[in-house]
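Q: Sharing a structure with you now.
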Amino acid sequence: MVQGSKVFAPHRCLGYVSNHIPLQLRYIKNRKEHLIVTCAGKFFLTYGISHFSLLSVSGIHPSDITCMTSDTYHIYTACENVIYAWRRGTELKHVYRGHAKSVHLMLPFGIHLISIDEGNKVKVWDIINENVLLELLFPIQSFKISAVAHPKTYINKILFGSKQGSMQLWNVNNSKLIYSFKGWDSSITCLEQAPALDVVAVGLASGKIILHNLKYDETVMEFVQDWGLVTSITFRTDGHPIMATGSTNGHIVFWNLEDQKVASQLVSAHEGAVTGMICVPNEPLILTSSPDNTLKLWIFDMTDGSARLLRIREGHSSASTCIRFHGSNGHNILSAGNDSSLRIFNTQTEQFNKSLGVASYNRKVSKKRKKNAEDSLRMPPIVFFASETTREKEWDGIAAIHSGLPLVTTWSYNKKKMGDYKLLPERLHKKKLKTECSVTATCLTLTKCGNFVIVGYTDGYVDRFNIQSGMWRTSYGNPSAHDTTVRGTAVDSLNNVVITGGSDAKIKFWTFNGKETTPLRTLSIEESINFIRSHPESSLISVTTDFFSILVIDVSSKSIVRKFWGHKAQITDATFSPDSRWLITSAMDCTIKTWDIPSSQLIDHFKTEVPCISLSMSPTGEFLATVHLDNLGVFLWSNRSIYSRVSLKNLSPSDEPPLMMLPEIINEGIKVEDDDEDEDELNKEFISKCQISDELVTLSELRNSRWQNIFNMDIIKQKNKPKEAPKVFKSAPFFLPTVASLTPKFDFSKNNENKEQGNVITLDKNFHTFSPFGELLDKTKELNNFENVVETLKSMAPSMIDFEIKLLDPDVGGTVDVMVQFLKCIEHMLNSNNNFELAQAYLATFLKQHFKTVMVEPKLVSMLPTLQNCHSSTWNRVQDRMLYSLCVVQALKLFDQ
């Protein structure tokens, strides 16, 4: 298997909230809180309704989720023709296989689950046993199922709605058709149980909402919304007779069922269709979700009974175009999207995600107007921006250029809004910006001090603006800096030199004040320049060309110091690592490459399924953030070199990079196919060898206190000695035998019997009172196998070891032969190169306690030279290796210096 990137590992994705799959609402009794479940493609998210905090992210499905539903215990998701049941949002409990086509409708029904696939087949599943209890096949030509509901109090009854407009009520217990409803000659889009029994709300593609009585097959009420197809229906249950309906253009209508008229409206509640809408039970709250990647909570507390926005979770409704880390802590990412918005994504928690708003030609007017007017004032998407934190609390710290526009907008990170200035040079003021002006802004940069913005244009001009006042200050060149389009600008950290690059294949260096009309130096290269990226702390800038090469230029020497080749398509973005040692680039060939600047080599590369169009390295070096073509989210890759040892080697740019999946689909929460052999191999625990090599010295795994305290047993005993002598009991112990009488007396009859017997025991001359440890040593005389002896010593406490070694002396019950066996045991431990520190401790204790006996016994004296040779050879070998390692380390230190 081809390995992925050695430097970067998939971490997580940001910016996904919801899609077209309707949201689900579950009440968790233990939490005493409602949980919101939204779908985001191949996974679903769980939010708490109290603070809209993200609680969990599910496992990743093999492909996009096609439908989703829930009950008290499970969340059910369908992916193609397979259904999954989840507990607690992350634990996969059941998998249901059996559908031949993709599942598009599901309904929990007690202990059963009803599912309908695109082939119009209905299956009733036993949730626990995962088996099919009933199958129904409906003819697609006459009754294509488009909605399903369970009417309250209708036991074993399921109501099906069709695209042909008719409805059928079925008993799923005996698989019989109960009743057929004629319908209304329009496709049924949704079915919802009304608070009143026997009444069901039917949403039609024509825009009609029918409240129909199933028991009498009569229409109770009929409403029509002006915005066409009904996408969702819900009812308030907090004592107000209000029905809410959603539409495809994002509007919501609240109907008063008593007065049978419109109570209020939410115009442009979402930018997309309102596909999910649920009223919170017994609360004046309503939840809505939409394919515009937003989740909103509305509260009915206005004086006219209408709803206002209470909480929101949102991301880009269109694909992201440009991202940059903002600030020095690396927690916040600025992201621009095709929806003309600028957003902040926090890498730690979604609760800190913010929106800086949508770019508008007149921000104040667009706030007051409705959607149609707002669209005319909305500016084109942001294609590139730059930010600076130095003076962001005093004035705007973000400048952005828009697709096809000459003006540059400013934004305030501190105030979380679009700024009041639109930077435009004086020469373009007289032209109509939207129609006649053919000049557009192509690149910009912010100075490190946060005071100036330098902008390049397609007519070759480079202008400098003051971002605090929005005033034009100067332009570079005479009259223009380049003869063709300016592709990149940069400024050094001290505001001394301005660098510009154009499609004329020239890089020019200008004095910052712009008083000189000629550049300080001009570098001519072979290819047209694509863009320029700079490192904020060093004097390095990177220049990419239209022929896929990368130049690294030192601003101080105004010369090219490195050149890299390797990409096979247009380079889309580049970023430096915080220490300016790495340059990371992305291209339309779907590759992301990491170049080592000091060694001028490619050290890492990998490939993704979708091209990366923008990337940024965290100021702390912890994450690499990327956005990819036609993707809403921001993807984070963790830098392995921060938390682990990474061995890098030079790679050839012509090598095929390994394919890596985006972080959103790197997850093992779901496993479609079981492979027991691979799983056992992965779960197999690695057990290290006790001794790697016989030539090395191995220490024991015991704690230091288990052998170091042996040397200080005298001191320990002295400290543990009681301060006072033990006191004698005044009364005899209770367990002494007594004779029953008026006056208690002790029973000495057994002692008298023993005295009368007068048995005398004579001891043998060879009799020895060995302790259990002494007996174990005595048994080793024949085979000299000391494994059990060593294990016994390792299991003893230090005080017990000291005591057992004392008992080896002949004066206290031991023998010289047993002492010899103990020394042979030490010799065995030294020769085996195992338990080295224990052998030293035991030998030192033995010699300390029995040195007088050792000096007078020939058997013991003869053992000493052997022990000395074993000890010397072992220690000399350890010392040689240790000194060699120290010399190598010292030599490497001198080499680095």
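Following the order of the structure tokens, chains are lettered A, B, ..., residues in each are numbered from 1, and ligands are numbered from 1.
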Enumerate, as a PyMOL selection string, the complete set of residues in range 473-523 of chain A that a backbone-based DSSP assignment places in strand (DSSP E).
A: chain A and resi 473-476+486-491+497-502+506-511+521-523
Q: Could you write out the selected residues, including C-alpha atoms, as a short mmCIF file (atom, residue, chain, number, x, y, z; two decimals), in the first residue's frame?
A:
```cif
data_model
loop_
_atom_site.label_atom_id
_atom_site.label_comp_id
_atom_site.auth_asym_id
_atom_site.auth_seq_id
_atom_site.Cartn_x
_atom_site.Cartn_y
_atom_site.Cartn_z
CA ARG A 473 -1.25 58.25 -1.63
CA THR A 474 0.98 57.48 -4.57
CA SER A 475 1.63 55.25 -7.55
CA TYR A 476 4.83 53.54 -8.64
CA VAL A 486 0.49 43.36 -12.55
CA ARG A 487 0.31 39.83 -11.12
CA GLY A 488 1.88 40.26 -7.66
CA THR A 489 2.94 42.79 -5.03
CA ALA A 490 4.93 42.53 -1.80
CA VAL A 491 6.49 44.80 0.83
CA VAL A 497 11.15 48.20 -0.57
CA VAL A 498 8.06 47.43 -2.67
CA ILE A 499 8.26 44.42 -4.99
CA THR A 500 6.04 44.10 -8.04
CA GLY A 501 5.78 41.42 -10.70
CA GLY A 502 3.90 41.42 -13.97
CA LYS A 506 9.81 41.28 -14.87
CA ILE A 507 10.22 41.67 -11.11
CA LYS A 508 10.85 45.26 -10.01
CA PHE A 509 12.05 46.70 -6.71
CA TRP A 510 10.82 50.20 -5.77
CA THR A 511 11.45 52.55 -2.88
CA ARG A 521 16.47 46.99 -9.65
CA THR A 522 14.73 44.92 -12.28
CA LEU A 523 14.96 41.14 -12.54
#
```
Q: With a distance cut-off of 6 Å and only C-alpha atoms, select the neighbouring residues of range 191-207 of chain A, excluding the residue or stretch itself and same-chain residues fewer than 6 positions from it, and output the selection as a PyMOL selection string.
A: chain A and resi 213-215+224-225+228-230
Q: I'd like the contact shell of Ala147 in chain A - 7 Å cut-off, only C-alpha atoms, skipping same-chain residues fewer than 3 positions apart - returned as an NGL selection string.
A: :A and (160-162 or 188-191)
Q: Counting only C-alpha atoms, what is within 8 Å of Gly477 in chain A, bar same-chain residues fewer than 5 positions away, as a compact mmCIF listing (two decimals) with N, CA and C atoms, in the first residue's frame?
A:
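So the final result, stored in selection10.txt, reads:
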```
# COMPACT_ATOMS: atom_id res chain seq x y z
N TYR A 461 -0.64 49.58 -13.53
CA TYR A 461 -0.43 50.54 -12.45
C TYR A 461 -0.34 49.80 -11.10
N VAL A 462 0.44 50.40 -10.20
CA VAL A 462 0.53 49.94 -8.81
C VAL A 462 0.32 51.16 -7.92
N HIS A 482 4.39 48.62 -14.69
CA HIS A 482 4.63 47.58 -15.70
C HIS A 482 3.85 47.94 -16.96
N GLY A 514 7.87 55.98 -3.10
CA GLY A 514 7.38 56.17 -4.46
C GLY A 514 7.84 57.46 -5.12
N GLU A 516 10.81 58.03 -6.42
CA GLU A 516 11.62 57.74 -7.59
C GLU A 516 10.77 57.02 -8.64
N THR A 517 10.85 57.47 -9.85
CA THR A 517 10.03 56.90 -10.92
C THR A 517 10.67 55.69 -11.57
N THR A 518 11.91 55.44 -11.26
CA THR A 518 12.60 54.27 -11.80
C THR A 518 12.84 53.26 -10.69
N PRO A 519 12.76 51.98 -11.00
CA PRO A 519 12.95 50.97 -9.96
C PRO A 519 14.39 50.89 -9.51
```
Q: Counting only C-alpha atoms, figure out which residue out of A:Leu310, A:Ala400, A:Cys437, A:Ile127 gets nearest to Tyr421 in chain A.
A: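 Closest to Tyr421 in chain A of all the choices is A:Ala400.
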Q: Residues at most 8 Å from range 578-594 of chain A, counting only C-alpha atoms, excluding those fewer than 6 positions away in the same chain, as a PyMOL selection string?
A: chain A and resi 535+538+540+567-572+602-615+617-621+657
